[in-house]
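Q: File target_29.cif follows (mmCIF, C-alpha atoms):
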data_data
loop_
_atom_site.label_atom_id
_atom_site.label_comp_id
_atom_site.auth_asym_id
_atom_site.auth_seq_id
_atom_site.Cartn_x
_atom_site.Cartn_y
_atom_site.Cartn_z
CA MET A 767 -30.62 -20.87 29.73
CA SER A 768 -28.22 -22.27 27.14
CA SER A 769 -25.20 -24.35 28.00
CA TRP A 770 -23.05 -21.49 26.74
CA SER A 771 -24.49 -19.01 29.18
CA LEU A 772 -24.36 -21.59 31.95
CA ASN A 773 -20.74 -22.07 31.15
CA ARG A 774 -20.13 -18.33 31.26
CA LEU A 775 -21.98 -18.16 34.55
CA ALA A 776 -19.92 -20.99 35.94
CA ARG A 777 -16.75 -19.13 35.04
CA THR A 778 -17.80 -15.95 36.74
CA PRO A 779 -15.63 -15.35 39.80
CA ILE A 780 -17.88 -16.11 42.68
CA LEU A 781 -17.14 -13.95 45.68
CA PRO A 782 -15.97 -10.48 44.69
CA ILE A 783 -17.95 -10.50 41.46
CA ALA A 784 -14.68 -9.53 39.90
CA LEU A 785 -16.14 -9.18 36.47
CA THR A 786 -17.07 -5.69 37.52
CA TRP A 787 -13.46 -4.69 37.12
CA ALA A 788 -12.91 -2.15 34.47
CA ILE A 789 -9.79 -1.17 32.71
CA GLY A 790 -9.41 2.48 33.59
CA GLY A 791 -7.67 5.39 31.97
CA CYS A 792 -8.19 7.29 28.77
CA GLY A 793 -5.28 6.31 26.58
CA ALA A 794 -5.41 5.14 23.02
CA GLY A 795 -3.79 1.78 23.72
CA ALA A 796 -5.89 -1.34 24.17
CA LEU A 797 -4.78 -1.64 27.81
CA ASN A 798 -5.42 2.06 28.43
CA SER A 799 -1.88 2.91 29.48
CA ALA A 800 -0.31 4.40 26.36
CA VAL A 801 -1.10 7.38 24.19
CA VAL A 802 0.51 7.54 20.78
CA ALA A 803 0.85 10.83 18.92
CA ASN A 804 2.60 12.08 15.84
CA ASP A 805 6.03 13.52 16.31
CA CYS A 806 5.80 17.31 16.11
CA LYS A 807 8.34 19.96 16.89
CA PRO A 808 7.34 22.09 19.87
CA GLY A 809 5.54 25.22 18.73
CA ASP A 810 4.88 23.94 15.21
CA LYS A 811 1.23 24.83 14.84
CA GLY A 812 1.11 23.37 11.35
CA CYS A 813 1.99 19.93 12.68
CA ASP A 814 -0.82 17.76 13.88
CA ALA A 815 0.27 16.57 17.30
CA SER A 816 -2.89 14.57 17.41
CA LEU A 817 -3.36 10.98 18.33
CA VAL A 818 -2.52 8.48 15.65
CA ASN A 819 -6.01 7.53 14.65
CA GLY A 820 -6.07 6.83 10.93
CA PRO A 821 -4.38 4.11 8.94
CA LEU A 822 -0.74 4.54 8.00
CA ALA A 823 0.03 5.17 4.36
CA GLU A 824 1.81 2.24 2.75
CA GLY A 825 5.47 3.19 2.47
CA ALA A 826 5.19 5.83 5.20
CA THR A 827 7.21 6.10 8.37
CA LEU A 828 5.75 6.97 11.73
CA ASP A 829 7.97 8.41 14.43
CA PRO A 830 5.58 8.07 17.32
CA ARG A 831 5.71 9.93 20.58
CA ILE A 832 4.51 7.56 23.24
CA SER A 833 3.42 8.65 26.67
CA ILE A 834 2.49 6.03 29.23
CA ASP A 835 0.54 6.65 32.39
CA LEU A 836 1.51 4.39 35.29
CA PRO A 837 0.27 5.83 38.57
CA GLY A 838 2.95 5.73 41.23
CA SER A 839 5.73 4.89 38.83
CA THR A 840 7.72 6.33 36.01
CA THR A 841 7.56 4.25 32.90
CA PRO A 842 10.25 1.59 32.67
CA ALA A 843 12.44 1.49 29.57
CA ILE A 844 10.33 0.27 26.71
CA HIS A 845 10.74 -0.58 23.07
CA LEU A 846 8.35 -1.14 20.20
CA GLU A 847 7.49 -4.51 18.68
CA SER A 848 5.28 -5.41 15.76
CA ALA A 849 2.96 -8.39 15.67
CA ALA A 850 3.22 -8.64 11.88
CA PRO A 851 6.56 -7.25 10.64
CA ASP A 852 5.54 -7.85 7.02
CA VAL A 853 2.85 -5.19 7.54
CA LEU A 854 4.43 -2.94 10.16
CA PHE A 855 8.18 -2.98 10.62
CA VAL A 856 9.86 -1.49 13.67
CA GLU A 857 13.35 -0.03 13.31
CA GLY A 858 14.36 1.48 16.62
CA ASP A 859 11.79 4.20 17.22
CA HIS A 860 10.69 4.32 13.60
CA VAL A 861 7.65 2.39 12.46
CA ARG A 862 7.51 1.65 8.76
CA ALA A 863 4.29 0.72 6.98
CA ARG A 864 5.40 -2.00 4.60
CA ALA A 865 2.22 -3.42 3.14
CA PRO A 866 -1.54 -3.01 3.42
CA GLY A 867 -3.01 -4.90 6.33
CA MET A 868 -3.19 -4.71 10.10
CA SER A 869 -0.70 -5.30 12.87
CA ALA A 870 -0.57 -4.67 16.56
CA LEU A 871 2.15 -2.30 17.70
CA LEU A 872 3.28 -3.38 21.15
CA PHE A 873 4.95 -1.29 23.83
CA VAL A 874 7.17 -3.75 25.65
CA THR A 875 9.46 -3.19 28.60
CA ASP A 876 13.02 -4.21 28.02
CA ASP A 877 12.45 -7.19 30.33
CA GLY A 878 9.61 -8.41 28.12
CA THR A 879 6.35 -7.24 29.70
CA VAL A 880 3.71 -5.67 27.48
CA ILE A 881 2.61 -2.32 28.89
CA ASP A 882 0.10 -1.66 26.12
CA PHE A 883 -0.58 -2.19 22.44
CA LEU A 884 -2.36 -0.51 19.56
CA HIS A 885 -3.79 -2.13 16.45
CA VAL A 886 -2.56 -0.19 13.42
CA PHE A 887 -3.96 -0.48 9.89
CA VAL A 888 -1.93 0.20 6.75
CA LYS A 889 -3.58 1.39 3.56
CA THR A 890 -2.34 2.14 0.06
CA PRO A 891 -2.59 5.87 -0.71
CA THR A 892 -4.61 6.81 -3.78
CA ARG A 893 -4.05 10.58 -3.90
CA LEU A 894 -1.79 13.32 -2.65
CA SER A 895 -3.65 16.34 -1.35
CA LEU A 896 -1.90 19.71 -1.27
CA ASP A 897 -2.75 22.03 1.60
CA ARG A 898 -1.67 25.60 2.13
CA ILE A 899 -0.52 26.41 5.65
CA ALA A 900 -1.51 29.90 6.77
CA ALA A 901 0.59 32.05 9.09
CA ASP A 902 -1.59 31.08 12.03
CA GLY A 903 -1.09 27.39 11.31
CA ALA A 904 -4.52 26.84 9.78
CA THR A 905 -4.57 24.66 6.69
CA GLU A 906 -6.82 24.68 3.66
CA SER A 907 -6.85 22.48 0.63
CA VAL A 908 -5.45 23.98 -2.58
CA THR A 909 -7.56 22.97 -5.54
CA MET A 910 -6.88 25.74 -8.09
CA SER A 911 -3.92 27.73 -9.31
CA MET A 912 -2.42 30.28 -6.92
CA ASP A 913 -1.47 33.90 -7.59
CA VAL A 914 1.45 35.14 -5.57
CA LEU A 915 3.68 38.19 -5.55
CA THR A 916 7.43 38.17 -6.01
CA GLY A 917 9.19 37.58 -2.73
CA GLU A 918 6.15 35.85 -1.24
CA LEU A 919 6.57 32.55 0.57
CA VAL A 920 3.87 29.91 0.35
CA ARG A 921 3.92 27.04 2.84
CA LEU A 922 2.55 23.79 1.46
CA ARG A 923 1.85 20.42 2.99
CA ALA A 924 1.29 17.19 1.08
CA THR A 925 -1.12 14.74 2.71
CA PRO A 926 -1.63 11.20 1.44
CA LEU A 927 -5.25 10.14 1.12
CA GLY A 928 -6.64 6.65 0.67
CA ASP A 929 -10.06 6.78 -0.97
CA GLY A 930 -10.56 10.17 0.66
CA GLN A 931 -9.36 9.07 4.08
CA VAL A 932 -6.42 10.96 5.55
CA LEU A 933 -3.51 8.58 6.03
CA GLU A 934 -0.94 8.92 8.78
CA GLY A 935 2.82 8.77 8.61
CA SER A 936 5.51 10.51 6.65
CA LEU A 937 5.99 9.45 3.04
CA PRO A 938 9.20 10.07 1.14
CA ILE A 939 8.06 12.95 -1.04
CA GLU A 940 9.88 14.67 -3.89
CA TRP A 941 9.18 18.34 -4.45
CA SER A 942 10.15 20.31 -7.54
CA VAL A 943 9.21 23.51 -9.32
CA THR A 944 9.72 24.51 -12.93
CA PRO A 945 11.03 26.80 -14.14
CA ALA A 946 13.44 27.39 -11.29
CA SER A 947 13.85 30.99 -12.42
CA VAL A 948 10.25 31.78 -11.35
CA ALA A 949 9.98 29.93 -8.03
CA GLU A 950 12.12 27.86 -5.70
CA VAL A 951 11.40 25.03 -3.29
CA LEU A 952 12.77 25.49 0.22
CA SER A 953 12.94 22.80 2.89
CA ASP A 954 10.68 23.23 5.88
CA GLY A 955 11.97 20.62 8.29
CA GLN A 956 9.64 17.80 7.34
CA ALA A 957 9.32 15.62 4.26
CA ASN A 958 5.68 16.52 3.71
CA LYS A 959 6.16 20.30 3.96
CA ARG A 960 7.88 22.89 1.84
CA ARG A 961 8.04 26.64 1.41
CA ILE A 962 7.74 27.91 -2.14
CA LEU A 963 9.52 31.20 -2.77
CA ALA A 964 8.19 33.29 -5.66
CA LYS A 965 11.30 34.76 -7.27
CA ALA A 966 10.29 36.43 -10.52
CA PRO A 967 7.12 37.15 -12.50
CA GLY A 968 5.90 34.29 -14.64
CA ALA A 969 4.12 30.95 -14.50
CA ALA A 970 5.48 27.93 -12.64
CA VAL A 971 4.35 24.42 -11.78
CA VAL A 972 4.98 22.84 -8.40
CA THR A 973 5.16 19.05 -8.65
CA VAL A 974 4.86 16.75 -5.65
CA LYS A 975 5.63 13.03 -6.04
CA ALA A 976 5.28 10.14 -3.63
CA GLY A 977 5.77 6.73 -5.21
CA ASN A 978 3.31 6.46 -8.08
CA LEU A 979 1.28 9.42 -6.89
CA GLU A 980 1.75 12.89 -8.26
CA SER A 981 0.09 16.20 -7.59
CA LYS A 982 0.67 19.50 -9.37
CA LEU A 983 -0.01 23.12 -8.50
CA ASP A 984 0.00 25.98 -11.00
CA LEU A 985 1.61 29.08 -9.62
CA VAL A 986 1.36 32.52 -11.23
CA VAL A 987 3.90 34.97 -9.90
CA HIS A 988 3.12 38.65 -10.31
CA ALA A 989 5.49 41.52 -9.91
CA ARG A 990 5.13 43.21 -6.57
CA PRO A 991 3.53 46.64 -7.03
CA THR A 992 6.03 49.47 -7.00
CA GLY A 993 5.99 52.00 -4.19
CA SER A 994 4.34 54.66 -6.37
CA LEU A 995 1.66 52.28 -7.57
CA ALA A 996 0.96 51.12 -4.05
CA LEU A 997 0.67 54.73 -3.02
CA GLU A 998 -1.71 55.41 -5.88
CA VAL A 999 -3.90 52.45 -4.97
CA SER A 1000 -4.02 53.45 -1.38
CA ARG A 1001 -5.24 56.90 -2.41
CA MET B 517 -36.15 -27.51 29.82
CA SER B 518 -38.10 -27.76 33.09
CA ARG B 519 -37.27 -25.71 36.17
CA GLN B 520 -35.88 -28.81 37.88
CA GLY B 521 -33.79 -29.55 34.83
CA ARG B 522 -32.34 -26.08 34.80
CA ALA B 523 -31.53 -26.26 38.49
CA LEU B 524 -29.86 -29.63 37.98
CA GLY B 525 -27.90 -28.22 35.05
CA LEU B 526 -26.70 -25.30 37.14
CA LEU B 527 -25.68 -27.66 39.92
CA LEU B 528 -23.81 -29.90 37.51
CA VAL B 529 -21.99 -26.97 35.96
CA ALA B 530 -21.08 -25.61 39.39
CA LEU B 531 -19.81 -29.05 40.43
CA ALA B 532 -17.91 -29.42 37.18
CA ALA B 533 -16.35 -26.01 37.70
CA ALA B 534 -15.46 -26.86 41.27
CA SER B 535 -13.97 -30.15 40.19
CA THR B 536 -11.53 -28.33 37.93
CA GLY B 537 -9.83 -27.08 41.05
CA CYS B 538 -8.20 -23.69 40.93
CA ALA B 539 -6.65 -23.85 37.49
CA PRO B 540 -6.00 -20.36 36.15
CA THR B 541 -9.06 -18.82 34.54
CA LEU B 542 -8.59 -16.42 31.68
CA GLY B 543 -10.72 -13.46 30.67
CA ALA B 544 -10.36 -11.18 27.66
CA VAL B 545 -9.69 -7.56 28.58
CA THR B 546 -9.34 -6.10 25.09
CA THR B 547 -11.62 -5.86 22.11
CA PRO B 548 -10.67 -6.90 18.59
CA PRO B 549 -9.96 -4.24 15.99
CA PRO B 550 -12.80 -3.60 13.51
CA SER B 551 -13.43 -6.44 11.06
CA LYS B 552 -10.71 -8.55 12.70
CA ALA B 553 -10.80 -11.35 15.23
CA ALA B 554 -9.23 -11.31 18.68
CA ASP B 555 -11.65 -13.23 20.84
CA LEU B 556 -11.60 -15.69 23.71
CA TYR B 557 -14.33 -18.33 23.76
CA HIS B 558 -15.35 -20.54 26.65
CA PRO B 559 -16.94 -23.58 24.99
CA ALA B 560 -18.93 -25.77 27.34
CA PHE B 561 -17.08 -28.86 28.52
CA ASP B 562 -13.99 -28.10 26.46
CA ASP B 563 -10.78 -26.09 26.61
CA ASP B 564 -10.98 -22.37 26.05
CA HIS B 565 -10.37 -21.23 22.51
CA ILE B 566 -8.78 -18.07 21.14
CA HIS B 567 -9.49 -16.96 17.59
CA LEU B 568 -7.20 -14.30 16.13
CA SER B 569 -6.63 -12.57 12.83
CA LYS B 570 -2.97 -12.45 11.82
CA GLY B 571 -1.35 -9.40 13.37
CA ALA B 572 -4.00 -9.04 16.08
CA THR B 573 -3.27 -9.16 19.79
CA LEU B 574 -5.54 -10.18 22.64
CA GLY B 575 -5.06 -9.04 26.23
CA LEU B 576 -5.93 -11.61 28.88
CA ASP B 577 -6.47 -11.34 32.59
CA CYS B 578 -5.66 -14.37 34.71
CA TYR B 579 -7.59 -14.88 37.89
CA ASP B 580 -8.66 -17.40 40.48
CA PHE B 581 -12.00 -18.91 39.56
CA TRP B 582 -13.58 -18.66 42.99
CA TRP B 583 -12.11 -15.51 44.45
CA GLY B 584 -11.38 -13.45 41.38
CA THR B 585 -7.92 -12.69 42.70
CA PRO B 586 -5.04 -12.45 40.22
CA CYS B 587 -3.15 -15.63 39.39
CA GLN B 588 -0.09 -16.10 41.52
CA GLY B 589 3.16 -16.96 39.77
CA ALA B 590 1.43 -17.67 36.49
CA VAL B 591 3.55 -18.42 33.45
CA ILE B 592 2.31 -18.65 29.88
CA THR B 593 3.92 -20.61 27.05
CA SER B 594 3.04 -21.29 23.45
CA ASP B 595 3.66 -24.57 21.65
CA ASP B 596 4.30 -22.72 18.38
CA PRO B 597 5.42 -19.08 18.56
CA THR B 598 5.32 -18.87 14.75
CA VAL B 599 1.53 -19.06 15.12
CA ALA B 600 0.99 -17.33 18.46
CA ARG B 601 3.54 -15.52 20.62
CA VAL B 602 2.74 -14.97 24.26
CA LEU B 603 4.08 -12.32 26.59
CA PRO B 604 3.28 -11.21 30.10
CA ALA B 605 1.33 -7.97 30.31
CA TYR B 606 0.82 -5.35 32.95
CA LEU B 607 -2.88 -4.73 33.45
CA LYS B 608 -4.68 -2.02 35.30
CA ARG B 609 -7.73 -3.07 37.26
CA ALA B 610 -10.27 -0.83 38.85
CA PRO B 611 -10.64 -1.64 42.53
CA SER B 612 -13.04 -4.38 43.41
CA PRO B 613 -16.42 -3.05 44.48
CA TRP B 614 -15.85 -5.01 47.68
CA ALA B 615 -12.69 -3.09 48.44
CA GLY B 616 -14.58 -0.08 49.71
CA ALA B 617 -14.49 3.57 48.77
CA GLY B 618 -11.13 5.12 48.10
CA ALA B 619 -9.45 1.88 47.13
CA SER B 620 -6.75 2.30 44.53
CA PRO B 621 -6.71 0.57 41.17
CA GLN B 622 -4.50 -2.47 41.13
CA ARG B 623 -2.02 -3.39 38.48
CA GLU B 624 -1.65 -7.07 38.00
CA ARG B 625 0.08 -9.35 35.62
CA GLY B 626 -1.88 -10.65 32.71
CA PHE B 627 -0.89 -11.87 29.30
CA VAL B 628 -1.12 -11.02 25.65
CA VAL B 629 -1.45 -13.49 22.81
CA ILE B 630 -0.01 -12.19 19.54
CA ALA B 631 -1.08 -13.70 16.24
CA THR B 632 2.15 -14.06 14.30
CA GLY B 633 1.12 -16.44 11.52
CA PRO B 634 -1.76 -18.57 10.29
CA GLY B 635 -2.26 -21.96 11.89
CA GLU B 636 -3.25 -23.60 15.13
CA THR B 637 -1.41 -24.10 18.38
CA THR B 638 -1.94 -24.47 22.10
CA VAL B 639 -1.13 -22.02 24.85
CA HIS B 640 -0.45 -23.25 28.40
CA VAL B 641 -1.00 -21.17 31.52
CA ARG B 642 0.59 -22.58 34.64
CA SER B 643 0.20 -21.10 38.07
CA GLU B 644 0.73 -22.29 41.63
CA ASP B 645 -2.80 -23.65 41.52
CA GLY B 646 -2.79 -25.64 38.32
CA GLU B 647 -2.64 -25.46 34.55
CA SER B 648 -5.03 -24.38 31.83
CA GLU B 649 -4.77 -25.06 28.14
CA VAL B 650 -6.14 -22.74 25.49
CA ASP B 651 -6.45 -23.70 21.84
CA VAL B 652 -5.43 -20.88 19.52
CA SER B 653 -6.31 -20.53 15.86
CA VAL B 654 -4.95 -17.76 13.67
CA GLU B 655 -6.55 -17.01 10.31
#
As structure tokens, what does this structure read like?
A:
Amino acid sequence: MSSWSLNRLARTPILPIALTWAIGGCGAGALNSAVVANDCKPGDKGCDASLVNGPLAEGATLDPRISIDLPGSTTPAIHLESAAPDVLFVEGDHVRARAPGMSALLFVTDDGTVIDFLHVFVKTPTRLSLDRIAADGATESVTMSMDVLTGELVRLRATPLGDGQVLEGSLPIEWSVTPASVAEVLSDGQANKRRILAKAPGAAVVTVKAGNLESKLDLVVHARPTGSLALEVSR
Amino acid sequence: MSRQGRALGLLLVALAAASTGCAPTLGAVTTPPPSKAADLYHPAFDDDHIHLSKGATLGLDCYDFWWGTPCQGAVITSDDPTVARVLPAYLKRAPSPWAGAGASPQRERGFVVIATGPGETTVHVRSEDGESEVDVSVE
């Protein structure tokens, strides 16, 4: 037996064999008390109210929803702290990804006790992916031009990817469409989502920009069939 | 090493451990993030050592060496908070197997060590029973 293992043995609590303790719970935090999820509006099926699992996109903001499980007690007032503010900067309840790297995000009671913490990675995005959001909330990647009818609304979501990996957080994204006479960009409540309204027949280009990244979508707007034509087709 | 040698070694280690009194003993309760360091080492015949990557945090339990009970009135301080910050932490422990069926999990005070910047420093844990020093290096 090596001196190292002897030393470990010597440091093992003797009577209750307390090394059999286990940190219980099922949270995402290192101390198994906290669960951190994206901020989603209730009922928004297109929003991923999933756990924050992936790296944050550099430049993105995360508005986390934190739930903490303390049996027998409500959670005391807590605030967020960052271990490395040059990587992850906390402003109130906003977490900003400043630079690539890693930092612990700590959930600290206002009297200075750490309830839990989560190591968060930050990665530079390399591509903006455009997804179409269906009426039922399902999303699918848009890789080719889209044909739409006048008056049709298309919901789009821009997702930052880093070498193919989906990055978390909300990036400041600029949306535009040209020409404006063919289609119009409508806000959809979140920076990464928009509704595109097809206004008149013609070709248009939807441009999405986030920092140095840009993604484009060709849109072809067709005139909506007239009532007589629709009747003829249905026959 | 012969069987007698091993037995003597065990005895010496046990005596050495006993001679340290009831200074707080630390145990890591969290794992480091992938490809990063957040580890507690127990080198033989030397102070404990914590190795951290910048930005990483390590959760520590503090317990009595002999009984495994949580440290009473333990306080942690860092010589250089620009290298390693320390804060008390609220840990959840499963009940001891000796506590019998139906025992509730306990929540006890532990600590976290937060790697704030590269360098080396020392962390001190003082309890009613004594003091422990832990060397901390942040890369």
Q: Go through A:Leu872, A:Val818, A:Leu937, A:Leu927 and flag the residue nearest chain B, using only C-alpha atoms for the distances.
A: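 Once distances to chain B are computed over only C-alpha atoms, the minimum belongs to A:Leu872.
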Q: Write out as a tab-separated table a residue-level contact list of chain B versus chain A with cut-off 6 Å: for each qualifying residue the closest pair of atoms and the distance in Å to one decimal, counting all atoms listed in the file, rows sorted by chain and residue number upward.
A:
residue	atom	partner	partner_atom	distance
B:Ala530	CA	A:Ala776	CA	5.9
B:Thr546	CA	A:Ala796	CA	6.0
B:Ala560	CA	A:Asn773	CA	5.6
B:Gly571	CA	A:Ser869	CA	4.2
B:Ala572	CA	A:Ala870	CA	5.6
B:Phe581	CA	A:Pro779	CA	5.1
B:Trp582	CA	A:Ile780	CA	5.0
B:Trp583	CA	A:Leu781	CA	5.4
B:Gly584	CA	A:Pro779	CA	4.9
B:Pro604	CA	A:Thr879	CA	5.0
B:Ala605	CA	A:Val880	CA	4.4
B:Tyr606	CA	A:Ile881	CA	5.4
B:Lys608	CA	A:Ile789	CA	5.8
B:Arg609	CA	A:Ile789	CA	5.3
B:Ala610	CA	A:Ala788	CA	5.3
B:Thr632	CA	A:Ala849	CA	5.9
Q: If you count only C-alpha atoms, which residues fall within 7 Å of region 590-599 of chain B, apart from same-chain ones fewer than 2 positions away, as a list in words?
A: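 Those residues are Cys587, Gln588, Arg601, Val602, Ala631, Thr632, Gly633, Pro634, Gly635, Glu636, Thr637, Thr638, Val639, His640, Val641, Arg642, Ser643, Glu644 and Val654 of chain B.
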Q: To one decimal place, how far is CA of Ala946 (chain A) from CA of Leu919 (chain A) in Å?
A: 14.6 Å
Q: Could you check how far CA of Asp877 (chain A) sits from CA of Gly858 (chain A), in Å to one decimal?
A: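 According to the coordinates, CA of Asp877 (chain A) and CA of Gly858 (chain A) are separated by 16.3 Å.
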Q: Do you know which residues the PyMOL selection byres ((chain A and resi 891) around 7) returns on this file, as an mmCIF file with C-alpha atoms, in the frame of the given file?
A:
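Dumped to part37.cif:
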data_model
loop_
_atom_site.group_PDB
_atom_site.id
_atom_site.type_symbol
_atom_site.label_atom_id
_atom_site.label_comp_id
_atom_site.auth_asym_id
_atom_site.auth_seq_id
_atom_site.Cartn_x
_atom_site.Cartn_y
_atom_site.Cartn_z
ATOM 1 C CA ALA A 823 0.030 5.170 4.360
ATOM 2 C CA GLU A 824 1.810 2.240 2.750
ATOM 3 C CA LYS A 889 -3.580 1.390 3.560
ATOM 4 C CA THR A 890 -2.340 2.140 0.060
ATOM 5 C CA THR A 892 -4.610 6.810 -3.780
ATOM 6 C CA ARG A 893 -4.050 10.580 -3.900
ATOM 7 C CA PRO A 926 -1.630 11.200 1.440
ATOM 8 C CA LEU A 927 -5.250 10.140 1.120
ATOM 9 C CA GLY A 928 -6.640 6.650 0.670
#
Q: Between A:Gly820, A:Gly968, A:Glu980, A:Leu846, which has the minimum distance to Gly930 (chain A) (counting only C-alpha atoms)?
A: A:Gly820
Q: As a check of understanding, name the residues that the PyMOL selection byres ((chain A and resi 974) around 12) selects in the supplied structure, as a PyMOL selection string.
A: chain A and resi 893-897+922-926+937-944+951+957-960+971-973+975-984
Q: Could you please take those selected residues and save C-alpha atoms as a JSON list (two decimals), in the coordinates of the input?
A:
[["chain", "number", "residue", "atom", "x", "y", "z"],
["A", 893, "ARG", "CA", -4.05, 10.58, -3.90],
["A", 894, "LEU", "CA", -1.79, 13.32, -2.65],
["A", 895, "SER", "CA", -3.65, 16.34, -1.35],
["A", 896, "LEU", "CA", -1.90, 19.71, -1.27],
["A", 897, "ASP", "CA", -2.75, 22.03, 1.60],
["A", 922, "LEU", "CA", 2.55, 23.79, 1.46],
["A", 923, "ARG", "CA", 1.85, 20.42, 2.99],
["A", 924, "ALA", "CA", 1.29, 17.19, 1.08],
["A", 925, "THR", "CA", -1.12, 14.74, 2.71],
["A", 926, "PRO", "CA", -1.63, 11.20, 1.44],
["A", 937, "LEU", "CA", 5.99, 9.45, 3.04],
["A", 938, "PRO", "CA", 9.20, 10.07, 1.14],
["A", 939, "ILE", "CA", 8.06, 12.95, -1.04],
["A", 940, "GLU", "CA", 9.88, 14.67, -3.89],
["A", 941, "TRP", "CA", 9.18, 18.34, -4.45],
["A", 942, "SER", "CA", 10.15, 20.31, -7.54],
["A", 943, "VAL", "CA", 9.21, 23.51, -9.32],
["A", 944, "THR", "CA", 9.72, 24.51, -12.93],
["A", 951, "VAL", "CA", 11.40, 25.03, -3.29],
["A", 957, "ALA", "CA", 9.32, 15.62, 4.26],
["A", 958, "ASN", "CA", 5.68, 16.52, 3.71],
["A", 959, "LYS", "CA", 6.16, 20.30, 3.96],
["A", 960, "ARG", "CA", 7.88, 22.89, 1.84],
["A", 971, "VAL", "CA", 4.35, 24.42, -11.78],
["A", 972, "VAL", "CA", 4.98, 22.84, -8.40],
["A", 973, "THR", "CA", 5.16, 19.05, -8.65],
["A", 975, "LYS", "CA", 5.63, 13.03, -6.04],
["A", 976, "ALA", "CA", 5.28, 10.14, -3.63],
["A", 977, "GLY", "CA", 5.77, 6.73, -5.21],
["A", 978, "ASN", "CA", 3.31, 6.46, -8.08],
["A", 979, "LEU", "CA", 1.28, 9.42, -6.89],
["A", 980, "GLU", "CA", 1.75, 12.89, -8.26],
["A", 981, "SER", "CA", 0.09, 16.20, -7.59],
["A", 982, "LYS", "CA", 0.67, 19.50, -9.37],
["A", 983, "LEU", "CA", -0.01, 23.12, -8.50],
["A", 984, "ASP", "CA", 0.00, 25.98, -11.00]]
Q: So what do you get for CA of Leu822 (chain A) versus CA of Pro550 (chain B), distance-wise?
A: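 That distance, rounded to one decimal, is 15.6 Å.
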Q: With distances taken over all atoms listed in the file, which of B:Lys552, B:Tyr557, B:Val628, B:Gly646 is nearest to Leu607 (chain B)?
A: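 Checking each of B:Lys552, B:Tyr557, B:Val628, B:Gly646 against Leu607 (chain B), counting all atoms listed in the file, the winner is B:Val628.
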Q: Point out the residue among A:Ser833, A:Thr905, A:Ser936, A:Thr916 with the least atom-to-atom distance to Arg990 (chain A), counting only C-alpha atoms.
A: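 For Arg990 (chain A), the nearest of the candidates is A:Thr916.
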Q: From the list A:Gly935, A:Glu918, A:Met910, A:Val801, which residue is nearest Asp829 (chain A) when using all atoms listed in the file?
A: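 Distance minimum relative to Asp829 (chain A) lands on A:Gly935.
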Q: So, with all atoms listed in the file as the atoms that count, which of A:Glu934, A:Pro967, A:Ala900, A:Pro866 lies closest to Thr827 (chain A)?
A: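 Going through A:Glu934, A:Pro967, A:Ala900, A:Pro866 one by one, the smallest distance to Thr827 (chain A) is for A:Glu934.
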Q: Generate the coordinates of N, CA and C atoms for region 945-956 of chain A; report them as a PDB file, in the frame of the given file.
A:
ATOM      1  N   PRO A 945       9.575  26.660 -14.074  1.00  0.00           N
ATOM      2  CA  PRO A 945      11.030  26.800 -14.140  1.00  0.00           C
ATOM      3  C   PRO A 945      11.590  27.340 -12.832  1.00  0.00           C
ATOM      4  N   ALA A 946      12.815  26.987 -12.554  1.00  0.00           N
ATOM      5  CA  ALA A 946      13.440  27.390 -11.290  1.00  0.00           C
ATOM      6  C   ALA A 946      13.686  28.896 -11.231  1.00  0.00           C
ATOM      7  N   SER A 947      13.620  29.545 -12.410  1.00  0.00           N
ATOM      8  CA  SER A 947      13.850  30.990 -12.420  1.00  0.00           C
ATOM      9  C   SER A 947      12.643  31.747 -11.847  1.00  0.00           C
ATOM     10  N   VAL A 948      11.480  31.119 -11.823  1.00  0.00           N
ATOM     11  CA  VAL A 948      10.250  31.780 -11.350  1.00  0.00           C
ATOM     12  C   VAL A 948      10.006  31.511  -9.865  1.00  0.00           C
ATOM     13  N   ALA A 949      10.245  30.275  -9.434  1.00  0.00           N
ATOM     14  CA  ALA A 949       9.980  29.930  -8.030  1.00  0.00           C
ATOM     15  C   ALA A 949      10.980  28.884  -7.566  1.00  0.00           C
ATOM     16  N   GLU A 950      11.121  28.774  -6.268  1.00  0.00           N
ATOM     17  CA  GLU A 950      12.120  27.860  -5.700  1.00  0.00           C
ATOM     18  C   GLU A 950      11.488  27.111  -4.538  1.00  0.00           C
ATOM     19  N   VAL A 951      11.891  25.846  -4.401  1.00  0.00           N
ATOM     20  CA  VAL A 951      11.400  25.030  -3.290  1.00  0.00           C
ATOM     21  C   VAL A 951      12.400  25.106  -2.140  1.00  0.00           C
ATOM     22  N   LEU A 952      11.912  25.422  -0.960  1.00  0.00           N
ATOM     23  CA  LEU A 952      12.770  25.490   0.220  1.00  0.00           C
ATOM     24  C   LEU A 952      12.310  24.442   1.239  1.00  0.00           C
ATOM     25  N   SER A 953      13.273  23.805   1.873  1.00  0.00           N
ATOM     26  CA  SER A 953      12.940  22.800   2.890  1.00  0.00           C
ATOM     27  C   SER A 953      12.245  23.466   4.071  1.00  0.00           C
ATOM     28  N   ASP A 954      11.418  22.671   4.741  1.00  0.00           N
ATOM     29  CA  ASP A 954      10.680  23.230   5.880  1.00  0.00           C
ATOM     30  C   ASP A 954      10.740  22.301   7.087  1.00  0.00           C
ATOM     31  N   GLY A 955      11.752  21.447   7.103  1.00  0.00           N
ATOM     32  CA  GLY A 955      11.970  20.620   8.290  1.00  0.00           C
ATOM     33  C   GLY A 955      11.291  19.272   8.292  1.00  0.00           C
ATOM     34  N   GLN A 956      10.327  19.086   7.402  1.00  0.00           N
ATOM     35  CA  GLN A 956       9.640  17.800   7.340  1.00  0.00           C
ATOM     36  C   GLN A 956       9.428  17.416   5.885  1.00  0.00           C
TER      37      GLN A 956
END
